[in-house]
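Data block for model33.txt (compact mmCIF, C-alpha atoms):
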```
# COMPACT_ATOMS: atom_id res chain seq x y z
CA MET A 270 154.27 144.22 32.07
CA GLU A 271 157.03 143.60 29.55
CA ARG A 272 154.43 143.24 26.77
CA ARG A 273 152.92 146.69 27.59
CA LEU A 274 156.36 148.33 27.56
CA TRP A 275 157.15 146.71 24.23
CA ARG A 276 153.88 147.99 22.69
CA ARG A 277 154.55 151.51 24.04
CA TRP A 278 158.05 151.47 22.49
CA LEU A 279 156.61 150.43 19.08
CA ARG A 280 154.05 153.29 19.19
CA ARG A 281 156.49 156.06 20.07
CA GLU A 282 157.27 158.73 17.42
CA PRO A 283 160.62 158.51 15.66
CA ALA A 284 163.14 161.20 16.53
CA ARG A 285 162.80 164.13 14.17
CA SER A 286 165.73 165.84 12.49
CA TRP A 287 166.57 169.41 13.54
CA TYR A 288 165.56 170.37 10.01
CA HIS A 289 161.90 169.76 10.95
CA ASP A 290 161.94 171.97 14.04
CA ASP A 291 158.60 173.83 14.24
CA ARG A 292 160.42 177.03 15.20
CA LEU A 293 162.02 177.24 11.76
CA LEU A 294 160.44 178.87 8.72
CA THR A 295 160.08 176.65 5.67
CA ILE A 296 162.26 177.19 2.60
CA GLU A 297 159.31 178.81 0.81
CA GLN A 298 158.63 181.13 3.76
CA MET A 299 162.31 182.10 3.88
CA ARG A 300 162.32 182.97 0.18
CA ASP A 301 159.15 185.05 0.59
CA THR A 302 160.69 186.84 3.58
CA ILE A 303 163.88 187.62 1.66
CA ALA A 304 161.83 188.96 -1.26
CA ARG A 305 159.91 191.21 1.15
CA GLU A 306 163.13 192.48 2.72
CA ARG A 307 164.52 193.29 -0.72
CA LEU A 308 161.48 195.45 -1.46
CA ARG A 309 161.86 197.17 1.90
CA THR A 310 165.56 197.83 1.30
CA ASP A 311 164.86 199.21 -2.17
CA ARG A 312 162.68 201.87 -0.52
CA SER A 313 164.61 202.56 2.67
CA GLY A 314 168.20 201.94 1.55
CA LEU A 315 168.84 200.04 4.81
CA PRO A 316 170.79 196.80 4.22
CA PHE A 317 169.97 193.28 5.33
CA ALA A 318 171.97 190.07 5.42
CA LEU A 319 171.55 186.31 5.40
CA VAL A 320 173.89 183.93 7.23
CA ALA A 321 173.77 180.38 5.83
CA VAL A 322 174.84 177.73 8.35
CA ALA A 323 175.60 174.28 6.92
CA PRO A 324 176.70 171.38 9.17
CA ALA A 325 178.99 168.70 7.78
CA HIS A 326 177.32 165.78 6.05
CA GLY A 327 176.37 163.12 8.56
CA GLU A 328 176.77 165.46 11.57
CA ALA A 329 174.56 164.47 14.55
CA ASP A 330 171.29 166.37 15.08
CA GLU A 331 171.89 167.23 18.74
CA PRO A 332 174.55 169.95 18.13
CA MET A 333 172.20 171.69 15.68
CA ARG A 334 169.32 171.54 18.15
CA GLN A 335 171.55 173.13 20.78
CA LEU A 336 172.59 175.83 18.32
CA ILE A 337 168.97 176.58 17.38
CA ALA A 338 168.08 176.88 21.07
CA HIS A 339 170.96 179.36 21.56
CA LEU A 340 169.98 181.39 18.48
CA THR A 341 166.35 181.54 19.62
CA MET A 342 167.58 183.48 22.65
CA ARG A 343 170.34 185.41 20.88
CA LEU A 344 168.59 186.74 17.74
CA ARG A 345 166.52 189.93 17.72
CA ALA A 346 162.73 189.92 17.45
CA THR A 347 163.04 191.28 13.90
CA ASP A 348 165.38 188.46 12.80
CA GLU A 349 164.12 185.27 11.17
CA MET A 350 165.48 181.73 11.33
CA GLY A 351 164.51 179.03 8.88
CA ARG A 352 165.40 176.06 6.77
CA TRP A 353 167.52 176.67 3.72
CA SER A 354 168.55 174.65 0.71
CA GLY A 355 170.96 171.76 1.09
CA GLN A 356 169.98 170.92 4.69
CA SER A 357 171.34 174.24 5.96
CA LEU A 358 170.03 176.83 8.37
CA GLY A 359 169.33 180.40 7.25
CA LEU A 360 169.48 183.45 9.55
CA LEU A 361 167.81 186.53 8.05
CA LEU A 362 169.08 189.74 9.66
CA PRO A 363 167.24 192.98 8.72
CA TYR A 364 169.08 196.32 9.06
CA THR A 365 172.41 194.47 9.12
CA ASP A 366 175.51 194.98 6.96
CA ARG A 367 178.30 192.50 6.28
CA ARG A 368 180.14 193.36 9.52
CA GLY A 369 177.05 192.71 11.64
CA ALA A 370 176.37 189.50 9.77
CA TRP A 371 179.91 188.23 10.33
CA CYS A 372 179.57 189.03 14.05
CA VAL A 373 176.53 186.72 14.13
CA ALA A 374 178.44 184.10 12.11
CA ASP A 375 181.33 184.24 14.60
CA ASP A 376 178.86 183.78 17.47
CA VAL A 377 177.40 180.74 15.70
CA ARG A 378 180.86 179.26 15.30
CA ALA A 379 181.68 179.93 18.98
CA HIS A 380 178.58 178.07 20.20
CA TRP A 381 178.93 175.10 17.86
CA THR A 382 179.48 171.81 19.70
CA GLY A 383 179.61 169.43 16.75
CA ALA A 384 182.57 167.24 15.89
CA GLU A 385 183.01 168.72 12.39
CA PRO A 386 183.30 172.48 11.65
CA LEU A 387 180.40 174.38 10.14
CA THR A 388 180.34 175.97 6.70
CA LEU A 389 179.29 179.60 7.06
CA ARG A 390 178.42 181.98 4.23
CA VAL A 391 177.26 185.58 4.42
CA TYR A 392 174.99 187.16 1.80
CA VAL A 393 174.18 190.88 1.81
CA TYR A 394 171.81 193.28 0.06
CA PRO A 395 172.63 195.67 -1.41
CA THR A 396 176.09 194.37 -2.26
CA HIS A 397 177.79 197.76 -2.16
CA SER A 398 177.20 199.88 0.95
CA PRO A 399 178.92 203.19 1.71
CA PRO A 400 182.16 202.41 3.62
CA GLU A 401 182.82 204.16 6.88
CA SER A 402 185.94 206.21 7.39
CA GLU A 403 188.86 203.94 8.25
CA ALA A 404 189.74 206.30 11.11
CA GLU A 405 186.36 205.48 12.72
CA GLN A 406 186.81 201.71 12.40
CA THR A 407 188.47 199.46 14.92
CA PRO A 408 190.91 196.79 13.63
CA HIS A 409 188.22 194.16 14.27
CA GLU A 410 185.64 196.14 12.26
CA ARG A 411 188.09 196.49 9.38
CA GLU A 412 188.68 192.73 9.46
CA LEU A 413 184.92 192.08 9.30
CA GLU A 414 184.60 194.57 6.42
CA GLU A 415 187.19 192.64 4.40
CA ARG A 416 185.53 189.24 4.78
CA GLU A 417 183.68 187.83 1.80
CA ALA A 418 180.00 188.69 1.42
CA LEU A 419 178.09 187.31 -1.55
CA PRO A 420 175.24 189.18 -3.27
CA ILE A 421 171.75 188.07 -2.23
CA GLU A 422 170.81 187.91 -5.94
CA VAL A 423 172.49 184.50 -6.30
CA LEU A 424 169.92 183.08 -3.84
CA MET A 425 166.89 184.59 -5.55
CA VAL A 426 167.40 183.22 -9.06
CA GLN A 427 164.17 181.73 -10.42
CA THR A 428 164.72 178.31 -11.93
CA LEU A 429 164.09 178.23 -15.66
CA PRO A 430 160.71 176.45 -16.15
CA ALA A 431 160.87 173.18 -18.08
CA TRP A 432 158.58 174.54 -20.81
CA LYS A 433 160.81 177.57 -21.26
CA ARG A 434 164.01 175.55 -21.52
CA ALA A 435 162.32 173.22 -24.02
CA VAL A 436 161.24 176.19 -26.18
CA ASP A 437 164.78 177.61 -25.93
CA VAL A 438 166.51 174.41 -27.05
CA VAL A 439 164.11 173.71 -29.91
CA GLY A 440 164.17 177.36 -31.02
CA ALA A 441 167.96 177.68 -30.84
CA VAL A 442 168.67 174.42 -32.69
CA THR A 443 166.08 175.20 -35.36
CA GLY A 444 167.31 178.77 -35.74
CA LEU A 445 170.98 177.81 -36.07
CA ALA A 446 170.13 175.12 -38.62
CA LEU A 447 167.76 177.18 -40.80
CA LEU A 448 169.74 180.42 -40.58
CA SER A 449 173.20 178.93 -41.15
CA PRO A 450 173.44 180.28 -44.75
CA LEU A 451 172.53 183.76 -43.46
CA LEU A 452 175.05 183.47 -40.63
CA LEU A 453 177.85 182.47 -43.05
CA THR A 454 176.94 185.33 -45.40
CA ALA A 455 177.01 187.84 -42.54
CA ALA A 456 180.37 186.52 -41.36
CA ALA A 457 181.86 186.88 -44.86
CA ALA A 458 180.50 190.43 -45.21
CA ILE A 459 182.03 191.47 -41.88
CA ARG A 460 185.40 190.02 -42.87
CA LEU A 461 185.39 191.85 -46.20
CA ASN A 462 184.15 195.18 -44.82
CA SER A 463 186.71 195.83 -42.07
CA PRO A 464 189.68 194.15 -40.38
CA GLY A 465 189.07 192.32 -37.14
CA PRO A 466 187.27 189.25 -35.76
CA VAL A 467 183.85 188.23 -37.04
CA LEU A 468 182.39 187.79 -33.56
CA PHE A 469 182.22 190.36 -30.78
CA ARG A 470 182.59 188.97 -27.26
CA GLN A 471 181.70 190.87 -24.10
CA GLN A 472 181.17 190.05 -20.44
CA ARG A 473 177.55 190.50 -19.39
CA ASP A 474 175.68 189.79 -16.17
CA GLY A 475 173.44 186.72 -16.27
CA ALA A 476 171.02 185.20 -13.78
CA GLY A 477 172.01 186.05 -10.22
CA GLY A 478 174.60 188.51 -11.50
CA VAL A 479 176.87 185.67 -12.61
CA PRO A 480 178.93 186.95 -15.57
CA PHE A 481 179.08 185.15 -18.90
CA THR A 482 180.47 185.87 -22.38
CA ILE A 483 177.89 187.01 -24.91
CA PHE A 484 178.38 186.46 -28.66
CA LYS A 485 177.33 188.95 -31.34
CA PHE A 486 178.43 189.69 -34.87
CA ARG A 487 180.96 192.52 -34.78
CA THR A 488 179.31 195.71 -36.04
CA MET A 489 181.97 198.25 -35.04
CA TYR A 490 185.56 199.06 -35.89
CA GLN A 491 188.25 197.45 -33.76
CA ASP A 492 189.01 200.63 -31.82
CA ALA A 493 185.36 201.09 -30.77
CA GLU A 494 185.97 200.58 -27.05
CA ALA A 495 188.84 203.08 -26.99
CA ARG A 496 186.65 205.71 -28.67
CA LYS A 497 183.68 205.23 -26.33
CA ALA A 498 184.92 207.76 -23.74
CA GLU A 499 184.95 210.61 -26.27
CA LEU A 500 181.33 209.86 -27.24
CA MET A 501 179.88 209.70 -23.72
CA GLU A 502 178.63 213.30 -23.89
CA GLN A 503 176.47 212.32 -26.87
CA ASN A 504 174.86 209.38 -25.04
CA GLU A 505 171.12 209.33 -25.86
CA GLN A 506 170.17 206.92 -23.06
CA ASP A 507 169.94 208.06 -19.45
CA GLY A 508 171.19 205.83 -16.64
CA PRO A 509 174.31 203.65 -16.86
CA ALA A 510 173.56 202.27 -20.35
CA PHE A 511 175.14 203.75 -23.49
CA LYS A 512 173.00 204.18 -26.63
CA LEU A 513 173.79 206.32 -29.68
CA ALA A 514 171.59 206.14 -32.80
CA ASN A 515 174.21 207.39 -35.26
CA ASP A 516 177.28 205.89 -33.63
CA PRO A 517 180.32 206.73 -35.80
CA ARG A 518 182.06 203.56 -34.63
CA VAL A 519 179.59 201.35 -36.51
CA THR A 520 180.76 199.98 -39.88
CA PHE A 521 178.72 200.03 -43.10
CA VAL A 522 177.92 196.32 -42.82
CA GLY A 523 177.35 196.77 -39.09
CA ARG A 524 174.51 199.24 -39.71
CA ILE A 525 172.74 196.70 -41.92
CA LEU A 526 173.24 193.94 -39.37
CA ARG A 527 171.91 196.13 -36.56
CA LYS A 528 168.89 197.35 -38.50
CA THR A 529 167.89 193.77 -39.32
CA CYS A 530 168.96 192.42 -35.88
CA ILE A 531 171.13 189.83 -37.62
CA ASP A 532 173.99 190.86 -35.31
CA GLU A 533 172.09 189.25 -32.40
CA LEU A 534 171.73 185.80 -33.99
CA PRO A 535 175.00 184.32 -32.60
CA GLN A 536 173.31 184.57 -29.19
CA LEU A 537 171.37 181.46 -30.17
CA TRP A 538 174.58 179.68 -29.12
CA ASN A 539 174.32 181.37 -25.68
CA VAL A 540 170.72 180.11 -25.51
CA LEU A 541 171.78 176.56 -26.37
CA ARG A 542 174.43 176.72 -23.63
CA GLY A 543 171.80 177.79 -21.08
CA GLU A 544 173.35 181.21 -20.43
CA MET A 545 170.45 183.00 -22.12
CA SER A 546 166.84 182.39 -23.10
CA LEU A 547 164.99 183.35 -26.26
CA VAL A 548 162.84 185.76 -24.21
CA GLY A 549 164.03 187.58 -21.10
CA PRO A 550 165.56 190.86 -19.91
CA ARG A 551 168.47 191.92 -22.11
CA PRO A 552 171.80 191.22 -20.36
CA MET A 553 173.78 194.37 -19.65
CA ASP A 554 177.50 194.96 -19.81
CA SER A 555 178.80 193.90 -16.38
CA ARG A 556 180.32 197.37 -15.85
CA GLU A 557 176.99 199.06 -16.57
CA SER A 558 175.02 196.52 -14.55
CA ALA A 559 177.18 197.27 -11.49
CA GLN A 560 175.94 200.88 -11.63
CA CYS A 561 172.25 199.92 -11.49
CA ARG A 562 170.23 200.73 -8.42
CA SER A 563 169.25 197.86 -6.14
CA TRP A 564 165.63 197.61 -7.39
CA GLU A 565 166.84 197.61 -10.99
CA ARG A 566 169.04 194.59 -10.29
CA ARG A 567 165.93 192.49 -9.56
CA ARG A 568 165.92 191.81 -13.31
CA LEU A 569 168.84 189.46 -12.55
CA ASP A 570 166.43 187.05 -10.85
CA VAL A 571 165.80 185.34 -14.20
CA THR A 572 167.85 184.14 -17.17
CA PRO A 573 168.47 187.02 -19.62
CA GLY A 574 167.10 186.81 -23.15
CA ILE A 575 167.62 187.82 -26.76
CA THR A 576 164.37 189.80 -26.80
CA CYS A 577 161.85 191.13 -24.28
CA ILE A 578 159.21 193.83 -23.85
CA TRP A 579 161.73 196.67 -24.14
CA GLN A 580 162.88 195.60 -27.61
CA VAL A 581 159.31 195.56 -28.93
CA HIS A 582 157.57 198.36 -27.03
CA GLY A 583 160.39 200.52 -25.76
CA GLY A 584 163.78 200.90 -27.38
CA ALA A 585 165.22 204.40 -27.50
CA ARG A 586 161.81 205.96 -26.76
CA VAL A 587 161.74 205.17 -23.03
CA SER A 588 163.90 206.15 -20.06
CA PHE A 589 166.29 203.73 -18.42
CA ALA A 590 164.01 203.41 -15.36
CA GLU A 591 161.03 202.54 -17.56
CA TRP A 592 163.19 199.98 -19.39
CA MET A 593 163.91 198.34 -16.04
CA ARG A 594 160.20 198.44 -15.06
CA MET A 595 159.30 196.72 -18.34
CA ASP A 596 161.70 193.89 -17.50
CA LEU A 597 160.23 193.52 -14.01
CA ARG A 598 156.69 193.42 -15.44
CA TYR A 599 157.77 190.61 -17.74
CA ILE A 600 159.29 188.67 -14.83
CA ARG A 601 156.09 188.93 -12.78
CA GLY A 602 153.89 187.61 -15.57
CA ARG A 603 156.03 185.39 -17.79
CA SER A 604 154.25 182.45 -19.41
CA ILE A 605 154.60 180.35 -22.53
CA ARG A 606 151.80 182.32 -24.19
CA ARG A 607 153.51 185.63 -23.46
CA ASP A 608 156.90 184.36 -24.66
CA VAL A 609 155.45 183.18 -27.98
CA ARG A 610 153.69 186.51 -28.43
CA LEU A 611 156.88 188.48 -27.76
CA LEU A 612 158.82 186.32 -30.23
CA LEU A 613 156.19 186.96 -32.93
CA GLU A 614 156.15 190.68 -32.12
CA THR A 615 159.94 190.79 -32.35
CA VAL A 616 159.85 189.24 -35.83
CA ALA A 617 157.15 191.71 -36.89
CA THR A 618 159.17 194.64 -35.52
CA VAL A 619 162.17 193.59 -37.64
CA LEU A 620 160.25 192.82 -40.84
CA ILE A 621 157.69 195.66 -40.74
CA PRO A 622 159.25 199.11 -40.18
CA GLY A 623 157.30 201.17 -37.66
CA TRP A 624 155.19 198.19 -36.56
CA SER A 625 156.11 198.58 -32.88
CA ARG A 626 154.83 202.17 -32.92
CA LYS A 627 151.45 201.02 -34.27
CA ILE A 628 150.78 198.77 -31.27
CA HIS A 629 151.40 201.47 -28.65
```
Before we go any further, please render this structure as structure tokens.
Amino acid sequence: MERRLWRRWLRREPARSWYHDDRLLTIEQMRDTIARERLRTDRSGLPFALVAVAPAHGEADEPMRQLIAHLTMRLRATDEMGRWSGQSLGLLLPYTDRRGAWCVADDVRAHWTGAEPLTLRVYVYPTHSPPESEAEQTPHERELEEREALPIEVLMVQTLPAWKRAVDVVGAVTGLALLSPLLLTAAAAIRLNSPGPVLFRQQRDGAGGVPFTIFKFRTMYQDAEARKAELMEQNEQDGPAFKLANDPRVTFVGRILRKTCIDELPQLWNVLRGEMSLVGPRPMDSRESAQCRSWERRRLDVTPGITCIWQVHGGARVSFAEWMRMDLRYIRGRSIRRDVRLLLETVATVLIPGWSRKIH
């Protein structure tokens, strides 16, 4: 009798972690579901949210199993519950703004029975939704409106492939080494042509909308930013971007640097730092990027680059919306072969005037 009980105990299945509950979507399924909801929101304009629930390290499994059982009954049929990165639970809530998401987060906190408190984060899409009149909001609603909600873009960033990072590092190091005499010559010309710093620094939106400082050779006079407002009526680019072919703020040396694209070469340092890639959607000024429509901000899913399809096949000849579509087409089909081709086409566009028009 004792021997049979002992054998049965040895054959029994080990207790599974809550993270392997069959009712939960996998991490891959959750990412696919979020991507689908983003497409739906881009068409309908209706927001959605994600509540990330992370128990303390070493917390027992039983409190999480109880919480999952409660959420199975509490969530709507349209909601999804799944595993998320870092051993956390993700609650996907369609047609829900930040206030609704924080109501769910508060309910999660109220039904938590663990010894250590949970870490709760709310992500929303789109980030900016039209605020309701304060007169129509209750004090509790106003409190929920003021709580932090992170943009969903930070969760959808595509990891830079190993091959792409390798090409970036080799290309950036080689470029900085071989082009150092040209870089020093350009720096000296800028210094002699007009007063001001050699490098231009500006905050741009990188992968996931995370801002970074981009480096370029200065091609304009020092008061360029102050004079921008008076030139807005002459803007030749639709959408939030500002483009002007004969910009009076550009210096004599600056025109040469822009025509030859030498002004972009300091961005090789951004590539080496991992903030940019050799090929990828051009990073926009953070102020302009904030004005993009939700579907246009999908270009932030990848690391921005020095060159991409728009530089070779678009430029000033296409609308802002088509520029964004070009970036999204690149993201859907990026490969090492395509990156090498775009780099070669970029060089040809710079060295052979009118070459980009010939390949249309």
- Between CA of Leu360 in chain A and CA of Ala329 in chain A - distance in Å to one decimal: 20.3 Å
Leu612 in chain A surroundings by all atoms listed in the file, 8 Å radius, close-in-sequence under 3 positions cut, as an mmCIF file with C-alpha atoms, keeping the file's coordinate frame:
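Below is the file that was written, out.cif:
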```cif
data_model
loop_
_atom_site.group_PDB
_atom_site.id
_atom_site.type_symbol
_atom_site.label_atom_id
_atom_site.label_comp_id
_atom_site.auth_asym_id
_atom_site.auth_seq_id
_atom_site.Cartn_x
_atom_site.Cartn_y
_atom_site.Cartn_z
ATOM 1 C CA LEU A 547 164.990 183.350 -26.260
ATOM 2 C CA VAL A 548 162.840 185.760 -24.210
ATOM 3 C CA THR A 576 164.370 189.800 -26.800
ATOM 4 C CA ASP A 608 156.900 184.360 -24.660
ATOM 5 C CA VAL A 609 155.450 183.180 -27.980
ATOM 6 C CA THR A 615 159.940 190.790 -32.350
ATOM 7 C CA VAL A 616 159.850 189.240 -35.830
#
```
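Checking A:Pro316, A:Pro324, A:Gly583, A:Pro480 one by one against Trp353 in chain A, counting all atoms listed in the file, you find the shortest gap at A:Pro324.
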Can you tell me, as a PDB file with C-alpha atoms, in the coordinates of the input, what residues are no more than 12 Å from Phe521 in chain A when counting all atoms listed in the file, ignoring any on the same chain fewer than 2 positions away?
```pdb
ATOM      1  CA  ALA A 458     180.500 190.430 -45.210  1.00  0.00           C
ATOM      2  CA  ILE A 459     182.030 191.470 -41.880  1.00  0.00           C
ATOM      3  CA  LEU A 461     185.390 191.850 -46.200  1.00  0.00           C
ATOM      4  CA  ASN A 462     184.150 195.180 -44.820  1.00  0.00           C
ATOM      5  CA  SER A 463     186.710 195.830 -42.070  1.00  0.00           C
ATOM      6  CA  ARG A 487     180.960 192.520 -34.780  1.00  0.00           C
ATOM      7  CA  THR A 488     179.310 195.710 -36.040  1.00  0.00           C
ATOM      8  CA  MET A 489     181.970 198.250 -35.040  1.00  0.00           C
ATOM      9  CA  TYR A 490     185.560 199.060 -35.890  1.00  0.00           C
ATOM     10  CA  ASN A 515     174.210 207.390 -35.260  1.00  0.00           C
ATOM     11  CA  ASP A 516     177.280 205.890 -33.630  1.00  0.00           C
ATOM     12  CA  PRO A 517     180.320 206.730 -35.800  1.00  0.00           C
ATOM     13  CA  ARG A 518     182.060 203.560 -34.630  1.00  0.00           C
ATOM     14  CA  VAL A 519     179.590 201.350 -36.510  1.00  0.00           C
ATOM     15  CA  GLY A 523     177.350 196.770 -39.090  1.00  0.00           C
ATOM     16  CA  ARG A 524     174.510 199.240 -39.710  1.00  0.00           C
ATOM     17  CA  ILE A 525     172.740 196.700 -41.920  1.00  0.00           C
ATOM     18  CA  LEU A 526     173.240 193.940 -39.370  1.00  0.00           C
ATOM     19  CA  ARG A 527     171.910 196.130 -36.560  1.00  0.00           C
ATOM     20  CA  LYS A 528     168.890 197.350 -38.500  1.00  0.00           C
TER      21      LYS A 528
END
```
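Within the 8 Å cut-off around Gln536 in chain A, using only C-alpha atoms and omitting residues fewer than 5 positions from it on the same chain, the listed residues are Ile483, Phe484, Lys485, Met545 and Ile575 of chain A.
Straight-line separation from CA of Asp437 in chain A to CA of Ser558 in chain A: 24.3 Å.
From CA of Phe486 in chain A back to CA of Ala446 in chain A, the distance works out to 17.2 Å.
The set of protein, DNA and RNA residues with any counted atom at most 10 Å from (168.7, 190.1, -11.1) (only C-alpha atoms) reads A:Ile421, A:Glu422, A:Val423, A:Met425, A:Val426, A:Gln427, A:Asp474, A:Gly475, A:Ala476, A:Gly477, A:Gly478, A:Val479, A:Pro550, A:Pro552, A:Ser558, A:Ser563, A:Trp564, A:Glu565, A:Arg566, A:Arg567, A:Arg568, A:Leu569, A:Asp570, A:Val571, A:Thr572, A:Pro573, A:Leu597.
The nearest approach to Gly444 in chain A among the residues A:Ile531, A:Ala498, A:Leu319, A:Leu362, with all atoms listed in the file taken into account, belongs to A:Ile531.
The nearest approach to Glu494 in chain A among the residues A:Leu361, A:Phe511, A:Ala323, A:Arg292, with all atoms listed in the file taken into account, belongs to A:Phe511.
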- Message: Can you tell me which residues surround Ala321 in chain A at a distance of at most 7 Å, considering only C-alpha atoms, apart from same-chain residues fewer than 3 positions away, and format the answer as number ranges by chain?
- Response: A: 357-360, 389-391
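You can rank A:Gly543, A:Pro395, A:Gly508, A:Pro430 by their closest distance to Asp311 in chain A using all atoms listed in the file, and at the top of that list sits A:Pro395.
Residues lying within 7 Å of range 335-346 of chain A, counting all atoms listed in the file and ignoring same-chain neighbours fewer than 4 positions away, are Glu331, His380 and Trp381 of chain A.
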Can you spit out the residues from that selection as a short mmCIF file (atom, residue, chain, number, x, y, z; two decimals), in the frame of the given file, using C-alpha atoms?
```cif
data_model
loop_
_atom_site.label_atom_id
_atom_site.label_comp_id
_atom_site.auth_asym_id
_atom_site.auth_seq_id
_atom_site.Cartn_x
_atom_site.Cartn_y
_atom_site.Cartn_z
CA GLU A 331 171.89 167.23 18.74
CA HIS A 380 178.58 178.07 20.20
CA TRP A 381 178.93 175.10 17.86
#
```
- Pick out the closest residue to Pro464 in chain A from this set: A:Leu308, A:Thr443, A:Gln491, A:Gly383. Count only C-alpha atoms. A:Gln491
Adding 8 Å on each side of the box along x, y and z that holds all listed atoms of range 417-428 of chain A, could you give its centre and edge lengths in Å to one decimal, as JSON?
```
{"center_x": 173.9, "center_y": 183.7, "center_z": -5.1, "size_x": 35.5, "size_y": 26.9, "size_z": 29.7}
```
